[in-house]
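Student: My file is upload-v2.txt. It has compact mmCIF, C-alpha atoms:
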```txt
# COMPACT_ATOMS: atom_id res chain seq x y z
CA MET F 1 -31.40 -14.92 0.67
CA SER F 2 -31.31 -13.19 -2.63
CA ILE F 3 -28.59 -12.32 -5.09
CA LEU F 4 -29.17 -9.86 -7.89
CA VAL F 5 -26.33 -9.02 -10.24
CA GLU F 6 -27.37 -7.19 -13.37
CA VAL F 7 -24.29 -5.54 -14.81
CA ALA F 8 -22.51 -4.54 -17.97
CA LEU F 9 -19.05 -3.29 -18.70
CA ALA F 10 -16.66 -3.04 -21.65
CA ARG F 11 -12.92 -3.29 -21.42
CA GLY F 12 -11.10 -3.27 -24.73
CA ASP F 13 -12.23 -6.29 -26.73
CA PHE F 14 -14.02 -7.84 -23.78
CA THR F 15 -17.61 -6.97 -22.98
CA LEU F 16 -19.53 -8.24 -20.01
CA ASP F 17 -23.30 -8.19 -19.93
CA VAL F 18 -24.89 -10.50 -17.41
CA SER F 19 -28.02 -10.76 -15.35
CA ILE F 20 -28.21 -13.12 -12.40
CA ALA F 21 -31.20 -13.11 -10.07
CA THR F 22 -31.68 -15.95 -7.65
CA GLU F 23 -33.08 -16.92 -4.30
CA ASN F 24 -30.62 -19.77 -3.96
CA ARG F 25 -28.01 -19.34 -1.29
CA VAL F 26 -25.07 -21.04 -3.00
CA ILE F 27 -24.58 -20.48 -6.68
CA ALA F 28 -21.68 -21.32 -8.95
CA LEU F 29 -20.39 -19.45 -11.95
CA PHE F 30 -19.16 -22.07 -14.33
CA GLY F 31 -17.36 -21.56 -17.62
CA PRO F 32 -14.02 -21.49 -19.41
CA SER F 33 -11.26 -19.14 -18.30
CA GLY F 34 -11.61 -15.68 -19.80
CA ALA F 35 -15.41 -15.97 -19.73
CA GLY F 36 -15.71 -13.08 -17.27
CA LYS F 37 -16.35 -15.00 -14.05
CA THR F 38 -13.73 -13.12 -12.05
CA SER F 39 -14.92 -9.81 -13.53
CA ILE F 40 -18.37 -10.54 -12.11
CA LEU F 41 -16.93 -11.27 -8.66
CA ASP F 42 -14.81 -8.10 -8.76
CA ILE F 43 -17.94 -6.07 -9.50
CA VAL F 44 -19.86 -7.73 -6.66
CA ALA F 45 -16.95 -7.04 -4.28
CA GLY F 46 -16.69 -3.45 -5.50
CA LEU F 47 -13.11 -3.90 -6.71
CA SER F 48 -14.19 -2.80 -10.16
CA ARG F 49 -17.14 -0.72 -11.25
CA ALA F 50 -19.73 -1.88 -13.70
CA ALA F 51 -20.38 0.73 -16.38
CA ARG F 52 -24.07 0.24 -15.73
CA GLY F 53 -26.23 -2.05 -13.69
CA ARG F 54 -27.20 -3.10 -10.20
CA VAL F 55 -25.81 -5.31 -7.47
CA VAL F 56 -28.26 -6.11 -4.67
CA ILE F 57 -27.46 -8.69 -2.00
CA ASP F 58 -30.21 -9.58 0.46
CA GLY F 59 -31.93 -6.27 -0.17
CA ALA F 60 -28.77 -4.21 0.32
CA VAL F 61 -28.03 -2.12 -2.76
CA LEU F 62 -24.26 -2.19 -3.30
CA GLN F 63 -24.21 -0.58 -6.71
CA ASP F 64 -26.91 1.03 -8.78
CA THR F 65 -25.69 3.16 -11.65
CA ALA F 66 -29.18 4.49 -12.32
CA SER F 67 -29.26 6.25 -8.94
CA GLY F 68 -25.51 6.75 -8.63
CA ILE F 69 -24.99 4.37 -5.72
CA PHE F 70 -21.58 2.78 -5.35
CA VAL F 71 -20.64 1.33 -1.96
CA PRO F 72 -16.84 1.15 -1.74
CA PRO F 73 -15.39 -2.35 -1.18
CA HIS F 74 -14.38 -1.75 2.44
CA ARG F 75 -18.00 -1.00 3.39
CA ARG F 76 -19.56 -3.90 1.50
CA GLY F 77 -18.77 -6.67 3.94
CA ILE F 78 -18.18 -9.16 1.19
CA GLY F 79 -15.59 -11.82 1.92
CA TYR F 80 -13.47 -12.66 -1.09
CA VAL F 81 -11.28 -15.75 -1.37
CA PHE F 82 -8.95 -15.15 -4.27
CA GLN F 83 -7.55 -17.76 -6.59
CA GLU F 84 -4.01 -17.00 -5.47
CA GLY F 85 -4.83 -16.56 -1.78
CA ARG F 86 -3.38 -13.08 -1.42
CA LEU F 87 -2.32 -13.61 2.17
CA PHE F 88 -0.37 -10.66 3.56
CA PRO F 89 3.28 -11.75 3.35
CA HIS F 90 4.44 -9.47 6.17
CA LEU F 91 1.97 -10.82 8.73
CA SER F 92 1.84 -14.15 10.55
CA VAL F 93 -0.99 -16.60 9.94
CA ARG F 94 -2.69 -15.41 13.14
CA ARG F 95 -2.53 -11.77 12.13
CA ASN F 96 -3.71 -12.59 8.63
CA LEU F 97 -6.70 -14.43 10.10
CA LEU F 98 -7.55 -11.64 12.52
CA TYR F 99 -6.99 -8.75 10.10
CA GLY F 100 -10.68 -8.21 9.29
CA ALA F 101 -11.80 -9.01 12.84
CA TRP F 102 -9.34 -6.43 14.17
CA LEU F 103 -10.72 -3.78 11.81
CA ARG F 104 -14.26 -4.35 13.06
CA ARG F 105 -13.34 -5.04 16.67
CA ARG F 106 -16.34 -3.27 18.13
CA GLN F 107 -18.92 -4.87 15.91
CA ARG F 108 -20.65 -8.20 15.55
CA GLN F 109 -18.47 -11.18 14.78
CA LEU F 110 -19.64 -14.13 12.76
CA ALA F 111 -17.41 -16.66 14.46
CA THR F 112 -14.48 -16.76 16.84
CA LEU F 113 -10.92 -17.57 15.85
CA ASP F 114 -11.21 -20.98 17.50
CA GLU F 115 -14.42 -21.88 15.70
CA VAL F 116 -12.91 -20.92 12.36
CA THR F 117 -9.61 -22.70 12.93
CA ASP F 118 -11.49 -25.83 14.08
CA LEU F 119 -13.78 -25.77 11.05
CA LEU F 120 -10.88 -25.44 8.62
CA ALA F 121 -8.40 -27.52 10.66
CA ILE F 122 -5.80 -24.78 10.66
CA GLY F 123 -5.31 -24.48 14.43
CA HIS F 124 -1.79 -25.89 14.20
CA LEU F 125 -0.83 -23.27 11.59
CA VAL F 126 -1.79 -20.18 13.58
CA GLY F 127 1.72 -19.53 14.92
CA ARG F 128 3.35 -20.03 11.55
CA ASP F 129 4.76 -17.71 8.95
CA VAL F 130 2.57 -17.53 5.82
CA LYS F 131 5.55 -18.40 3.65
CA ARG F 132 5.79 -21.81 5.30
CA LEU F 133 2.28 -22.87 4.22
CA SER F 134 1.46 -25.31 1.46
CA GLY F 135 -0.96 -24.24 -1.29
CA GLY F 136 -3.92 -25.98 0.34
CA GLU F 137 -3.11 -24.51 3.76
CA LYS F 138 -2.84 -21.04 2.25
CA GLN F 139 -6.31 -21.31 0.76
CA ARG F 140 -7.80 -22.53 4.04
CA VAL F 141 -6.20 -19.60 5.85
CA ALA F 142 -7.55 -17.26 3.16
CA ILE F 143 -11.04 -18.71 3.71
CA GLY F 144 -10.64 -18.28 7.47
CA ARG F 145 -9.47 -14.70 7.03
CA ALA F 146 -12.55 -13.88 4.93
CA LEU F 147 -14.88 -15.55 7.47
CA LEU F 148 -13.38 -13.68 10.41
CA SER F 149 -14.20 -10.36 8.73
CA ALA F 150 -17.86 -11.30 9.41
CA PRO F 151 -18.97 -10.92 5.79
CA ARG F 152 -22.60 -10.84 4.62
CA MET F 153 -21.57 -12.97 1.67
CA LEU F 154 -18.62 -15.02 0.44
CA LEU F 155 -17.07 -15.01 -3.01
CA LEU F 156 -14.74 -17.87 -3.86
CA ASP F 157 -12.73 -17.45 -7.05
CA GLU F 158 -11.38 -20.83 -8.14
CA PRO F 159 -10.00 -21.44 -4.67
CA LEU F 160 -8.73 -24.87 -5.72
CA ALA F 161 -7.36 -24.05 -9.16
CA ALA F 162 -3.79 -23.54 -8.00
CA LEU F 163 -3.72 -26.90 -6.19
CA ASP F 164 -2.77 -30.34 -7.48
CA ASP F 165 -5.41 -33.08 -7.56
CA ALA F 166 -4.51 -34.56 -4.18
CA ARG F 167 -4.67 -31.14 -2.48
CA LYS F 168 -7.94 -30.39 -4.28
CA LYS F 169 -9.50 -33.55 -2.95
CA GLU F 170 -8.22 -32.68 0.50
CA THR F 171 -9.49 -29.06 0.47
CA LEU F 172 -12.93 -29.49 -1.11
CA PRO F 173 -14.54 -31.01 2.02
CA TYR F 174 -13.56 -27.88 3.97
CA ILE F 175 -15.46 -25.74 1.51
CA GLU F 176 -18.49 -27.99 1.97
CA ARG F 177 -18.19 -27.68 5.74
CA LEU F 178 -17.94 -23.94 5.36
CA ARG F 179 -21.07 -23.89 3.20
CA ASP F 180 -23.02 -25.92 5.75
CA ALA F 181 -21.73 -24.29 8.94
CA PHE F 182 -22.71 -20.72 8.08
CA ALA F 183 -25.90 -19.51 6.44
CA LEU F 184 -23.90 -17.25 4.13
CA PRO F 185 -24.77 -16.57 0.52
CA MET F 186 -21.91 -17.79 -1.64
CA ILE F 187 -20.81 -17.39 -5.21
CA TYR F 188 -18.37 -20.08 -6.18
CA VAL F 189 -16.40 -19.71 -9.40
CA SER F 190 -14.80 -22.64 -11.15
CA HIS F 191 -14.20 -24.23 -14.52
CA ASN F 192 -14.37 -27.69 -12.98
CA ARG F 193 -17.76 -29.31 -13.40
CA ALA F 194 -17.42 -31.88 -10.61
CA GLU F 195 -16.47 -29.14 -8.18
CA VAL F 196 -19.43 -26.85 -8.91
CA GLU F 197 -21.88 -29.75 -8.87
CA ARG F 198 -20.67 -30.73 -5.42
CA ILE F 199 -20.76 -27.21 -3.98
CA ALA F 200 -23.63 -25.28 -5.52
CA THR F 201 -27.41 -25.55 -5.64
CA GLU F 202 -27.58 -23.51 -8.83
CA ILE F 203 -25.07 -23.40 -11.63
CA VAL F 204 -24.85 -20.33 -13.84
CA HIS F 205 -23.01 -20.92 -17.10
CA VAL F 206 -20.85 -18.05 -18.31
CA ALA F 207 -19.14 -17.76 -21.67
CA LYS F 208 -17.61 -14.75 -23.42
CA GLY F 209 -19.07 -12.33 -20.93
CA ARG F 210 -22.64 -13.61 -21.25
CA ILE F 211 -24.89 -15.99 -19.36
CA VAL F 212 -25.52 -18.98 -21.58
CA ARG F 213 -27.92 -21.89 -21.41
CA PRO F 214 -26.27 -25.05 -20.21
CA PRO F 215 -25.26 -27.12 -23.21
CA THR F 216 -27.49 -30.18 -23.50
CA LYS F 217 -25.64 -33.34 -22.67
CA MET T 1 40.45 16.98 16.68
CA LEU T 2 37.85 19.48 15.59
CA SER T 3 37.86 23.09 16.72
CA GLN T 4 34.86 24.68 18.44
CA GLU T 5 33.75 26.31 15.19
CA GLU T 6 34.03 23.08 13.22
CA TRP T 7 32.04 21.18 15.84
CA THR T 8 29.34 23.83 15.67
CA ALA T 9 29.11 23.37 11.90
CA VAL T 10 28.97 19.56 12.16
CA LEU T 11 26.27 19.57 14.85
CA LEU T 12 24.27 22.22 13.00
CA SER T 13 24.48 20.11 9.84
CA LEU T 14 23.19 17.06 11.67
CA ARG T 15 20.30 19.04 13.13
CA VAL T 16 19.45 20.61 9.77
CA ALA T 17 19.60 17.28 7.92
CA LEU T 18 17.57 15.48 10.59
CA CYS T 19 14.82 18.13 10.52
CA ALA T 20 14.84 18.20 6.72
CA THR T 21 14.40 14.42 6.64
CA LEU T 22 11.74 14.18 9.36
CA PHE T 23 9.60 17.01 8.05
CA GLY T 24 10.16 16.04 4.43
CA LEU T 25 9.20 12.38 4.89
CA PRO T 26 5.40 12.68 5.31
CA PRO T 27 4.87 14.90 2.23
CA ALA T 28 7.32 12.72 0.29
CA MET T 29 5.33 9.62 1.18
CA GLY T 30 2.11 11.34 0.17
CA ALA T 31 3.51 12.48 -3.18
CA ALA T 32 5.08 9.07 -3.82
CA TYR T 33 1.81 7.28 -3.05
CA VAL T 34 -0.26 9.58 -5.26
CA LEU T 35 2.23 9.31 -8.14
CA ALA T 36 2.55 5.54 -7.78
CA ARG T 37 -1.14 4.72 -7.50
CA PHE T 38 -3.32 7.30 -9.23
CA ARG T 39 -3.82 8.58 -12.75
CA PHE T 40 -5.42 12.04 -12.75
CA PRO T 41 -5.27 15.32 -14.64
CA GLY T 42 -2.36 17.33 -13.31
CA ARG T 43 -0.29 14.26 -12.51
CA ALA T 44 2.42 15.30 -14.97
CA LEU T 45 2.49 18.74 -13.38
CA LEU T 46 2.87 17.26 -9.89
CA ASN T 47 5.63 15.00 -11.14
CA THR T 48 7.43 17.97 -12.68
CA LEU T 49 7.14 20.01 -9.49
CA VAL T 50 8.55 17.13 -7.48
CA VAL T 51 11.62 16.64 -9.68
CA LEU T 52 12.20 20.36 -10.26
CA PRO T 53 14.74 20.84 -7.42
CA LEU T 54 16.80 18.03 -8.95
CA VAL T 55 17.08 19.67 -12.37
CA LEU T 56 17.07 23.38 -11.50
CA PRO T 57 20.40 25.00 -10.63
CA PRO T 58 20.48 24.94 -6.79
CA VAL T 59 21.09 28.70 -6.79
CA VAL T 60 17.79 29.18 -8.58
CA THR T 61 15.97 27.04 -6.01
CA GLY T 62 17.64 29.03 -3.25
CA TYR T 63 16.66 32.31 -4.85
CA LEU T 64 13.05 31.17 -5.30
CA LEU T 65 12.99 30.21 -1.62
CA LEU T 66 14.31 33.64 -0.75
CA VAL T 67 11.58 35.29 -2.81
CA LEU T 68 8.78 33.08 -1.41
CA PHE T 69 9.93 32.37 2.15
CA GLY T 70 11.91 35.54 2.91
CA ARG T 71 10.48 37.85 5.57
CA ARG T 72 8.82 39.92 2.87
CA GLY T 73 7.96 36.99 0.65
CA PRO T 74 4.27 35.98 0.47
CA ILE T 75 4.67 32.64 2.28
CA GLY T 76 7.42 33.79 4.63
CA HIS T 77 5.43 36.84 5.70
CA ALA T 78 2.25 34.83 6.27
CA LEU T 79 4.08 32.17 8.30
CA GLU T 80 5.74 34.78 10.48
CA SER T 81 2.58 36.72 11.25
CA CYS T 82 0.42 33.64 11.88
CA CYS T 83 2.75 31.18 13.60
CA GLY T 84 5.96 33.08 14.29
CA ILE T 85 7.98 30.80 12.02
CA VAL T 86 10.95 32.54 10.40
CA PHE T 87 13.11 30.89 7.77
CA SER T 88 15.34 33.63 6.42
CA PHE T 89 18.90 33.61 7.78
CA ARG T 90 18.01 30.98 10.37
CA TRP T 91 18.95 27.34 10.64
CA THR T 92 15.29 26.51 9.93
CA GLY T 93 15.78 28.04 6.50
CA ALA T 94 18.78 25.80 5.94
CA ALA T 95 16.58 22.82 6.87
CA LEU T 96 13.86 23.98 4.46
CA ALA T 97 16.36 24.44 1.63
CA SER T 98 18.05 21.08 2.11
CA GLY T 99 14.69 19.36 2.62
CA ILE T 100 13.46 20.68 -0.69
CA MET T 101 16.67 19.73 -2.46
CA ALA T 102 16.45 16.19 -1.04
CA PHE T 103 12.71 15.83 -1.78
CA PRO T 104 12.97 14.43 -5.35
CA LEU T 105 15.38 11.68 -4.29
CA VAL T 106 13.22 10.66 -1.34
CA VAL T 107 10.02 10.62 -3.42
CA ARG T 108 11.69 8.56 -6.12
CA ALA T 109 12.93 5.86 -3.72
CA ILE T 110 9.58 5.61 -1.94
CA ARG T 111 7.60 5.67 -5.15
CA LEU T 112 9.57 2.76 -6.63
CA SER T 113 9.03 0.70 -3.49
CA ILE T 114 5.29 1.46 -3.44
CA GLU T 115 5.01 0.53 -7.11
CA ALA T 116 6.62 -2.81 -6.25
CA VAL T 117 3.85 -3.62 -3.73
CA ASP T 118 1.22 -5.92 -5.24
CA ARG T 119 -1.97 -3.87 -5.61
CA ARG T 120 -4.00 -7.04 -5.31
CA LEU T 121 -2.99 -7.17 -1.64
CA GLU T 122 -4.51 -3.71 -1.16
CA ALA T 123 -7.67 -4.97 -2.85
CA ALA T 124 -7.71 -7.95 -0.48
CA ALA T 125 -7.40 -5.57 2.48
CA ALA T 126 -10.34 -3.55 1.14
CA THR T 127 -12.59 -6.62 0.99
CA LEU T 128 -11.69 -7.27 4.64
CA GLY T 129 -12.94 -3.82 5.61
CA ALA T 130 -9.84 -1.62 5.34
CA ASN T 131 -10.48 1.85 3.95
CA PRO T 132 -7.74 3.21 1.66
CA VAL T 133 -5.88 4.95 4.51
CA VAL T 134 -5.90 1.84 6.71
CA ALA T 135 -4.89 -0.37 3.77
CA PHE T 136 -1.98 1.96 3.08
CA GLY T 137 -0.88 1.93 6.71
CA THR T 138 -1.24 -1.80 7.33
CA VAL T 139 -0.32 -3.31 3.97
CA THR T 140 1.36 -0.92 1.54
CA LEU T 141 3.60 0.94 3.96
CA PRO T 142 4.97 -2.11 5.84
CA LEU T 143 5.74 -3.83 2.54
CA ALA T 144 7.37 -0.68 1.14
CA LEU T 145 9.26 0.07 4.36
CA PRO T 146 12.75 -0.85 3.14
CA GLY T 147 12.31 1.62 0.28
CA VAL T 148 11.00 4.30 2.64
CA ILE T 149 14.04 3.88 4.87
CA ALA T 150 16.40 3.87 1.92
CA GLY T 151 14.74 7.07 0.71
CA ALA T 152 15.00 8.70 4.13
CA VAL T 153 18.70 7.87 4.46
CA LEU T 154 19.39 9.05 0.94
CA GLY T 155 17.54 12.26 1.73
CA PHE T 156 19.47 12.68 4.97
CA ALA T 157 22.79 12.28 3.16
CA LYS T 158 21.71 14.70 0.45
CA ALA T 159 20.51 17.26 3.04
CA LEU T 160 23.80 16.93 4.89
CA GLY T 161 25.70 17.94 1.76
CA GLU T 162 23.37 20.61 0.40
CA PHE T 163 25.25 23.75 -0.56
CA GLY T 164 23.91 25.98 -3.33
CA ALA T 165 20.31 26.51 -2.30
CA THR T 166 21.26 26.90 1.38
CA ILE T 167 23.96 29.54 0.86
CA THR T 168 21.69 31.49 -1.50
CA PHE T 169 18.67 31.39 0.81
CA VAL T 170 20.14 31.78 4.30
CA SER T 171 23.73 32.87 3.60
CA ASN T 172 26.79 31.57 5.46
CA ILE T 173 26.52 32.74 9.08
CA PRO T 174 28.76 30.79 11.51
CA GLY T 175 26.71 29.25 14.31
CA GLN T 176 23.44 30.12 12.62
CA THR T 177 23.34 28.84 9.05
CA GLN T 178 26.88 27.64 8.46
CA THR T 179 26.46 23.92 7.87
CA LEU T 180 29.33 21.54 7.24
CA PRO T 181 29.68 22.11 3.49
CA LEU T 182 29.37 25.86 3.94
CA ALA T 183 32.07 25.85 6.62
CA LEU T 184 34.24 23.68 4.39
CA TYR T 185 33.80 26.14 1.57
CA ALA T 186 34.63 29.08 3.83
CA TYR T 187 37.89 27.38 4.93
CA THR T 188 38.95 26.84 1.33
CA GLN T 189 38.68 30.58 0.79
CA VAL T 190 41.04 31.68 3.57
CA PRO T 191 44.81 31.29 3.90
CA GLY T 192 45.81 28.52 6.33
CA GLY T 193 42.48 26.76 5.96
CA ASP T 194 43.99 23.50 4.72
CA ALA T 195 43.94 21.63 8.01
CA PRO T 196 40.28 22.41 8.92
CA THR T 197 39.27 21.72 5.32
CA LEU T 198 40.88 18.29 5.53
CA ARG T 199 39.27 17.54 8.90
CA LEU T 200 35.79 18.52 7.69
CA THR T 201 36.31 16.49 4.52
CA ILE T 202 37.07 13.42 6.62
CA VAL T 203 33.98 14.06 8.76
CA SER T 204 31.83 14.37 5.62
CA VAL T 205 33.11 11.09 4.21
CA LEU T 206 32.56 9.31 7.54
CA LEU T 207 28.98 10.63 7.83
CA ALA T 208 28.15 9.61 4.27
CA VAL T 209 29.61 6.11 4.70
CA GLY T 210 27.85 5.79 8.06
CA ALA T 211 24.50 6.76 6.54
CA VAL T 212 24.82 4.17 3.78
CA ALA T 213 25.90 1.49 6.26
CA VAL T 214 22.94 2.23 8.57
CA SER T 215 20.46 2.09 5.71
CA GLU T 216 21.88 -1.20 4.38
CA TRP T 217 21.72 -2.69 7.85
CA LEU T 218 18.13 -1.55 8.40
CA ILE T 219 17.00 -2.80 5.00
CA ALA T 220 18.63 -6.18 5.57
CA ARG T 221 16.94 -6.49 8.95
CA LEU T 222 13.53 -5.50 7.67
CA THR T 223 13.58 -7.64 4.56
CA ILE T 224 14.47 -10.90 6.32
CA GLY T 225 11.43 -13.13 6.04
CA ASP T 226 9.57 -10.72 3.83
CA ARG T 227 10.70 -12.19 0.54
CA GLN T 228 8.98 -15.13 -1.06
CA PRO T 229 11.28 -18.19 -1.02
```
What is this file in structure tokens?
Tutor:
Amino acid sequence: MSILVEVALARGDFTLDVSIATENRVIALFGPSGAGKTSILDIVAGLSRAARGRVVIDGAVLQDTASGIFVPPHRRGIGYVFQEGRLFPHLSVRRNLLYGAWLRRRQRQLATLDEVTDLLAIGHLVGRDVKRLSGGEKQRVAIGRALLSAPRMLLLDEPLAALDDARKKETLPYIERLRDAFALPMIYVSHNRAEVERIATEIVHVAKGRIVRPPTK
Amino acid sequence: MLSQEEWTAVLLSLRVALCATLFGLPPAMGAAYVLARFRFPGRALLNTLVVLPLVLPPVVTGYLLLVLFGRRGPIGHALESCCGIVFSFRWTGAALASGIMAFPLVVRAIRLSIEAVDRRLEAAAATLGANPVVAFGTVTLPLALPGVIAGAVLGFAKALGEFGATITFVSNIPGQTQTLPLALYAYTQVPGGDAPTLRLTIVSVLLAVGAVAVSEWLIARLTIGDRQP
């Protein structure tokens, strides 16, 4: 397992210039909002382009500006769980979950629908309309949808931020189960210290678009 | 009831408007998508070309069609010699003229509905493995569908009533290019045409009201459950 993200970009007043290289499987990006954490995830997923730099996951070069490589997001196989879920409002829970699996129906699957719904305890939601889900249920379905696309890596962007404390407490164990059940590299973004300490083996501190040393306690 | 000649005009109008809508819809969706989602050099030019039929005098559009798509026009000649398609003085020409006149309205309705679709959902589809075409077909289009239908119905109604470009391009030949508005116009020009004029007016109003009612019904059906509570 290796994650290499060495990227820079400028957007108006905001500049991002970070270098992350690790052999750890589960890392967290930790820092205040506006620090550039989501920008880093978007670059890894290919949703935005770094002006210069490299993204290499497990030896697969996803972007390298020096040699002009840019793999478009739909060929990266990177599962992305967004802060606000982004479930497809016109599809049922089942069809949301199976969206990625349906697109790659002739290729390897990481897990079956049953395994994923068992892991995340969303089996009873499968027949439902996405608009009838609570915040915590939505995020679990979003995680399931990402898993069923058989990604090589998972990005989780503050998946609990939109939830109240009770729902957070209820949802966090599912993320731990997810981490332990699949040997997937993960980047977990949060501004909550307790959360990142529970989830990640390595914590990368981000502030104002730079990697910073952890402040001494 | 309607006379044989009036029926012919009404049915021809329906056929012309239906063809104009069906053949106009795919390019309208393409133009709407490109204008809604991309910034590129030449975008302003494309936008101008799309709205041109709306702002040009219809006679000018009709004349330009005659010059380009007539049997001796560059496009008309090429289409006839390669695929045997003839537009001039045929009902197909009436369909082309009304399709082009309706195009700006259709593009506008579809474009607004595509712009209202959250781009972040398209990004989510991409991370799940959907290439841009698949993401458009499975996410953008279904979410924009009410607007697409509204645009199609609007275009159909506009094509049904098109007059200036059609009469300039394909003339007013009963049974061939004489659509409902052209027949109506012809009746107003002859003595004793009051009764057929009135009948065709009533038919026009009924068709227009029917088109609006159908589109409202379809939109209501398709939007149920698609809105956030």
Student: Do you know which residues lie at most 9 Å from (22.9, 10.4, 11.7), with coordinates as in the file and all atoms listed in the file counted, and could you write them as a list in words?
Tutor: Leu14, Ala17, Leu18, Val153, Phe156, Ala157, Leu207, Gly210, Ala211 and Val214 of chain T
Student: Generate a file of the selected residues that holds C-alpha atoms, formatted as an mmCIF file, in the frame of the given file.
Tutor:
```
data_model
loop_
_atom_site.group_PDB
_atom_site.id
_atom_site.type_symbol
_atom_site.label_atom_id
_atom_site.label_comp_id
_atom_site.auth_asym_id
_atom_site.auth_seq_id
_atom_site.Cartn_x
_atom_site.Cartn_y
_atom_site.Cartn_z
ATOM 1 C CA LEU T 14 23.190 17.060 11.670
ATOM 2 C CA ALA T 17 19.600 17.280 7.920
ATOM 3 C CA LEU T 18 17.570 15.480 10.590
ATOM 4 C CA VAL T 153 18.700 7.870 4.460
ATOM 5 C CA PHE T 156 19.470 12.680 4.970
ATOM 6 C CA ALA T 157 22.790 12.280 3.160
ATOM 7 C CA LEU T 207 28.980 10.630 7.830
ATOM 8 C CA GLY T 210 27.850 5.790 8.060
ATOM 9 C CA ALA T 211 24.500 6.760 6.540
ATOM 10 C CA VAL T 214 22.940 2.230 8.570
#
```
Student: Sorted by chain and rising residue number, list the residues of chain T at most 6 Å from chain F (counting all atoms listed in the file), each with its closest atom pair and distance in Å to one decimal, as a Markdown table.
Tutor:
```
| residue | atom | partner | partner_atom | distance |
| --- | --- | --- | --- | --- |
| T:Leu121 | CA | F:Arg86 | CA | 5.9 |
| T:Ala126 | CA | F:His74 | CA | 4.6 |
| T:Thr127 | CA | F:His74 | CA | 5.4 |
| T:Leu128 | CA | F:Gly100 | CA | 4.9 |
| T:Gly129 | CA | F:His74 | CA | 4.1 |
| T:Ala130 | CA | F:His74 | CA | 5.4 |
| T:Asn131 | CA | F:His74 | CA | 5.5 |
| T:Asp226 | CA | F:His90 | CA | 5.8 |
```
Student: How far is it from atom CA of Lys168 of chain F to atom CA of Val212 of chain F, in Å with one decimal?
Tutor: 27.2 Å
Student: With 6 Å on each side, where is the centre of the axis-aligned box around all listed atoms of segment 124-128 of chain F, and how long are its edges in Å to one decimal, as JSON?
Tutor:
```
{"center_x": 0.8, "center_y": -22.7, "center_z": 13.2, "size_x": 17.1, "size_y": 18.4, "size_z": 15.4}
```
Student: If you count all atoms listed in the file, which residues fall within 10 Å of Gly73 of chain T, apart from same-chain ones fewer than 6 positions away, as JSON, numbers by chain?
Tutor: {"T": [64, 65, 66, 67, 79, 88]}
Student: For a cut-off of 12 Å around (5.2, 10.9, 5.2), file coordinates, pick out all residues using only C-alpha atoms and list them as a list in words.
Tutor: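 Within 12 Å of (5.2, 10.9, 5.2), the protein and nucleic acid residues are Thr21, Leu22, Phe23, Gly24, Leu25, Pro26, Pro27, Ala28, Met29, Gly30, Ala31, Ala32, Tyr33, Val34, Phe103, Val106, Val107, Ile110, Arg111, Phe136, Gly137, Leu141, Leu145, Val148, Ile149, Gly151 and Ala152 of chain T.
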Student: With all atoms listed in the file as the basis for distance, which of F:Ile43, F:Ile211, F:Ile187, F:Ala194 is at the shortest distance from Asp17 of chain F?
Tutor: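 Smallest separation from Asp17 of chain F among the options: F:Ile211.
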Student: Would you mind reading off the distance between atom CA of Arg52 of chain F and atom CA of Ala35 of chain F, one decimal, in Å?
Tutor: 18.8 Å
